[in-house]
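Enquirer: Just dropping this structure here.
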Amino acid sequence: MAVASSSPPFLNSSLLPSSSSHLHNRALHFSQSYSWFNFRTRTITKPIHVSSTKAEGDVRKEDIVIVGAGIAGLATAVSLQRLGVGSLVLEQADSLRTGGTSLTLFKNGWRVLDAIGVGSDLRSQFLEIQGMAVKSEDGREMRSFKFKDEDESQEVRAVERRILLETLANQLPPESVHFSSKLAKIETCANGGTLLELVNGTQLHAKIVIGCDGIRSPIAKWMGFSEPNYVGHCAYRGLAYYLNGQPFEPKVNYIYGRGLRAGYVPVSPTKVYWFICFNNPSPGLKITDPIMLKKQAKDLVRNWPAELLDIIDLTPDETIIRTPLVDRWLWPSISPPASRGRVVLVGDAWHPMTPNLGQGACCALEDAVVLAKKLANATKCTSASVEDALRSYESERWPRIFPLTIRANLVGSLLQWENPVVCSVRNNIIIPKVVRLGPVLDHTNFDCEPLMEGING
């Protein structure tokens, strides 16, 4: 049984000036002096406030521009749309970046997806994870948990990044997402707006800019943020495919070694996500050769449980990646604010965190709905300013984001111990006798009501 998939979101194409000659090698058509290539037509069942106005001179005017069509950017666009506010999403790639593997969403992430109206569609495609088992590198089970025993409201599913992005993108009207639109320059205008210049020369004037451009965010750099910090370990990740169905129970399986850990979790009836996290003094060179990546991953866990090696062997080349793990601690009074004028950051662009708590995507989703509500109020009420709304967004989100980032870092550091005595204490005392899952998952509590136009509480 193959996992269900959303249809590809061929929303539109790049935002390019009509003078760009390289367009002719694509089977596309010009519609105006600015080409908004449309691969399919759609019916919009609910009108939204128009986001853009006609260009004056060589500059196109937009109310809200979202930079980045990842999880944070698309979730923000969908959240705004649900509240009747339109936006333009710019993506530097020539299509949705749907490569990669999977991510785990806990109940806070699912509450956001329900609030923006896509939760049910996604649930039907992915298995609910019932619990977790923790093993030593020799395969001995040290502890097991059931999520519902710890918290009846808990909901955990591993979700394919590709399907999540496509599902979000398909909620947006045509011409909402524009590809091949890489940001080259950003500057503040005298009227409080922001001028964005793309590498192809296109210029946009935006009243509000939302930076969702990821860990290496150019917008964050422009706002004064430092580069994220490498935390001392890297990860291999992959998504194995079982043609005749995967054989695993619906639970997360963790395996802990010395300075090395791995895990795998079934995503759907045919797919299993896996990772291997290892200590490394530096991020190392970027490697994209899948054969080399698979060999390196297997060499790390050569003598570990056989099912892990089998999972790696069944992983299609295009899903294997290796990434250094990074984060950024938002120290009060030291880190720049989340907004500068009418430019604001969301998700990894603001608060990259390590994946040890499974909260990177969940927090980006939370950011999206919180910011959307505040902006919807500000753009529709003359008594509220956009700048105040952005500061309010930061005031609400920072007390949650800052401790989660630190907590994720510390958990990763503890799990990457190399000292044999410390690892023995961890495996024989701390995990079997001390750890309680309930308090560990307290951070997944998050209230989020459905987003409806006119109800922006």
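Identifiers in the structure tokens: chain A, B, ... in order shown; residue index from 1 per chain; ligand index from 1 in order shown.
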Pull the strand (DSSP E or B) assignments for segment 116-319 of chain A out of DSSP run on the backbone, and list those residues as a ChimeraX atom specification.
Expert: /A:128,131-136,141-146,157-160,177-179,183-188,194-198,203-211,229-241,251-256,260-266,271-279
Enquirer: Kindly assemble as a Markdown table a list of the segment 114-170 of chain A residues that lie within 12 Å of segment 312-325 of chain A, each paired with its nearest atom pair and their distance in Å to one decimal, using only C-alpha atoms, sorted first by chain and then by ascending residue number.
Expert:
```
| residue | atom | partner | partner_atom | distance |
| --- | --- | --- | --- | --- |
| A:Glu160 | CA | A:Thr319 | CA | 10.7 |
| A:Arg161 | CA | A:Thr319 | CA | 10.9 |
| A:Arg162 | CA | A:Thr319 | CA | 10.8 |
```
Enquirer: Please write the residues from the selection above to a file, keeping N, CA, C and O atoms, as a short mmCIF file (atom, residue, chain, number, x, y, z; two decimals), in the first residue's frame.
Expert:
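What follows is the written file part37.cif:
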```cif
data_model
loop_
_atom_site.label_atom_id
_atom_site.label_comp_id
_atom_site.auth_asym_id
_atom_site.auth_seq_id
_atom_site.Cartn_x
_atom_site.Cartn_y
_atom_site.Cartn_z
N GLU A 160 6.15 13.30 6.12
CA GLU A 160 7.08 13.60 5.03
C GLU A 160 7.08 15.10 4.75
O GLU A 160 6.02 15.71 4.57
N ARG A 161 8.25 15.66 4.71
CA ARG A 161 8.37 17.09 4.44
C ARG A 161 7.72 17.46 3.10
O ARG A 161 7.02 18.47 2.99
N ARG A 162 7.93 16.63 2.10
CA ARG A 162 7.36 16.93 0.78
C ARG A 162 5.85 17.07 0.84
O ARG A 162 5.27 18.04 0.31
#
```
Enquirer: Pick out the closest residue to Asp63 of chain A from this set: A:Glu197, A:Val386, A:Leu243, A:Gly257. Count only C-alpha atoms.
Expert: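 Under the stated criterion, the closest residue is A:Val386.
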Enquirer: What's around segment 349-360 of chain A at 8 Å? Count only C-alpha atoms, leave out sequence neighbours fewer than 4 positions away in its own chain, and write the answer as a VMD selection string.
Expert: chain A and resid 103 to 106 211 to 217 219 to 220 228 325 to 330 338 345 364 401 to 402 405 408 to 409 411 to 412
Enquirer: Within 9 Å of Gln416 of chain A, counting only C-alpha atoms, which residues show up once you throw out same-chain ones fewer than 5 positions away? Write them as a VMD selection string, please.
Expert: chain A and resid 233 256 to 261 277 to 279 411
Enquirer: For the atom pair atom CA of Arg60 of chain A and atom CA of Ser181 of chain A, what is the interatomic distance in Å to one decimal place?
Expert: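 Spanning atom CA of Arg60 of chain A to atom CA of Ser181 of chain A is a straight-line distance of 13.7 Å.
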Enquirer: Please identify all polymer residues within 7 Å of Glu91 of chain A, counting only C-alpha atoms, omitting same-chain residues fewer than 5 positions from it, and present them as an MDAnalysis selection string.
Expert: chainID A and resid 67:69 178:182
Enquirer: Go ahead and write the residues just picked, N, CA, C and O atoms, as a CSV table (one decimal), in the first residue's frame.
Expert:
```csv
chain,number,residue,atom,x,y,z
A,67,VAL,N,9.3,35.8,2.6
A,67,VAL,CA,10.5,35.4,1.9
A,67,VAL,C,10.8,33.9,2.4
A,67,VAL,O,11.2,33.7,3.6
A,68,GLY,N,10.6,33.0,1.5
A,68,GLY,CA,10.9,31.6,1.9
A,68,GLY,C,9.6,30.7,1.8
A,68,GLY,O,8.6,31.1,2.5
A,69,ALA,N,9.6,29.7,1.0
A,69,ALA,CA,8.4,28.8,0.9
A,69,ALA,C,8.7,27.5,1.6
A,69,ALA,O,8.4,26.4,1.0
A,178,HIS,N,5.9,32.5,-5.7
A,178,HIS,CA,6.7,32.7,-6.9
A,178,HIS,C,8.1,32.2,-6.7
A,178,HIS,O,8.8,32.5,-5.7
A,179,PHE,N,8.5,31.4,-7.7
A,179,PHE,CA,9.8,30.7,-7.6
A,179,PHE,C,10.9,31.4,-8.3
A,179,PHE,O,10.6,32.4,-9.0
A,180,SER,N,12.1,30.9,-8.2
A,180,SER,CA,13.3,31.5,-8.8
A,180,SER,C,13.4,33.0,-8.4
A,180,SER,O,13.7,33.9,-9.2
A,181,SER,N,13.0,33.3,-7.2
A,181,SER,CA,13.0,34.7,-6.7
A,181,SER,C,13.9,34.8,-5.5
A,181,SER,O,13.4,34.9,-4.4
A,182,LYS,N,15.2,34.8,-5.8
A,182,LYS,CA,16.2,34.9,-4.7
A,182,LYS,C,16.5,36.4,-4.3
A,182,LYS,O,16.7,37.2,-5.2
```
Enquirer: Between A:Val434, A:Val346, A:Leu410, A:Ile287, which has the minimum distance to Ala361 of chain A (counting only C-alpha atoms)?
Expert: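 Using only C-alpha atoms, Ala361 of chain A sits closest to A:Val346.
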Enquirer: Residues of segment 52-190 of chain A classed as helix (DSSP H, G or I) by DSSP on the backbone are to be reported as a PyMOL selection string.
Expert: chain A and resi 71-82+107-115+119-123+147-150+161-169
Enquirer: With C-alpha atoms kept, could you save the residues just selected as an mmCIF file, in the first residue's frame?
Expert:
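Dumped everything to result06.cif:
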```cif
data_model
loop_
_atom_site.group_PDB
_atom_site.id
_atom_site.type_symbol
_atom_site.label_atom_id
_atom_site.label_comp_id
_atom_site.auth_asym_id
_atom_site.auth_seq_id
_atom_site.Cartn_x
_atom_site.Cartn_y
_atom_site.Cartn_z
ATOM 1 C CA ILE A 71 7.207 25.183 6.453
ATOM 2 C CA ALA A 72 7.335 28.542 8.233
ATOM 3 C CA GLY A 73 6.663 30.599 5.115
ATOM 4 C CA LEU A 74 3.806 28.524 3.752
ATOM 5 C CA ALA A 75 2.183 28.095 7.166
ATOM 6 C CA THR A 76 2.326 31.863 7.688
ATOM 7 C CA ALA A 77 0.785 32.496 4.271
ATOM 8 C CA VAL A 78 -2.011 29.988 4.893
ATOM 9 C CA SER A 79 -2.659 31.391 8.382
ATOM 10 C CA LEU A 80 -2.945 34.916 6.994
ATOM 11 C CA GLN A 81 -5.224 33.726 4.215
ATOM 12 C CA ARG A 82 -7.539 32.039 6.722
ATOM 13 C CA LYS A 107 0.356 17.569 19.494
ATOM 14 C CA ASN A 108 1.264 21.262 19.405
ATOM 15 C CA GLY A 109 2.086 20.964 15.715
ATOM 16 C CA TRP A 110 -1.141 19.100 15.009
ATOM 17 C CA ARG A 111 -3.188 21.722 16.825
ATOM 18 C CA VAL A 112 -1.772 24.366 14.527
ATOM 19 C CA LEU A 113 -2.417 22.249 11.430
ATOM 20 C CA ASP A 114 -6.001 21.759 12.612
ATOM 21 C CA ALA A 115 -6.354 25.506 13.202
ATOM 22 C CA GLY A 119 -4.755 18.494 9.910
ATOM 23 C CA SER A 120 -7.329 15.931 8.775
ATOM 24 C CA ASP A 121 -5.866 15.649 5.292
ATOM 25 C CA LEU A 122 -2.388 14.988 6.678
ATOM 26 C CA ARG A 123 -3.543 12.558 9.368
ATOM 27 C CA PHE A 147 2.516 8.320 24.772
ATOM 28 C CA LYS A 148 -1.142 7.993 25.775
ATOM 29 C CA ASP A 149 -0.142 6.561 29.176
ATOM 30 C CA GLU A 150 1.788 9.739 29.872
ATOM 31 C CA ARG A 161 8.373 17.090 4.438
ATOM 32 C CA ARG A 162 7.363 16.925 0.781
ATOM 33 C CA ILE A 163 3.730 16.148 1.497
ATOM 34 C CA LEU A 164 3.506 18.749 4.272
ATOM 35 C CA LEU A 165 4.832 21.482 1.972
ATOM 36 C CA GLU A 166 2.592 20.477 -0.921
ATOM 37 C CA THR A 167 -0.457 20.340 1.327
ATOM 38 C CA LEU A 168 0.203 23.836 2.655
ATOM 39 C CA ALA A 169 0.973 25.254 -0.793
#
```
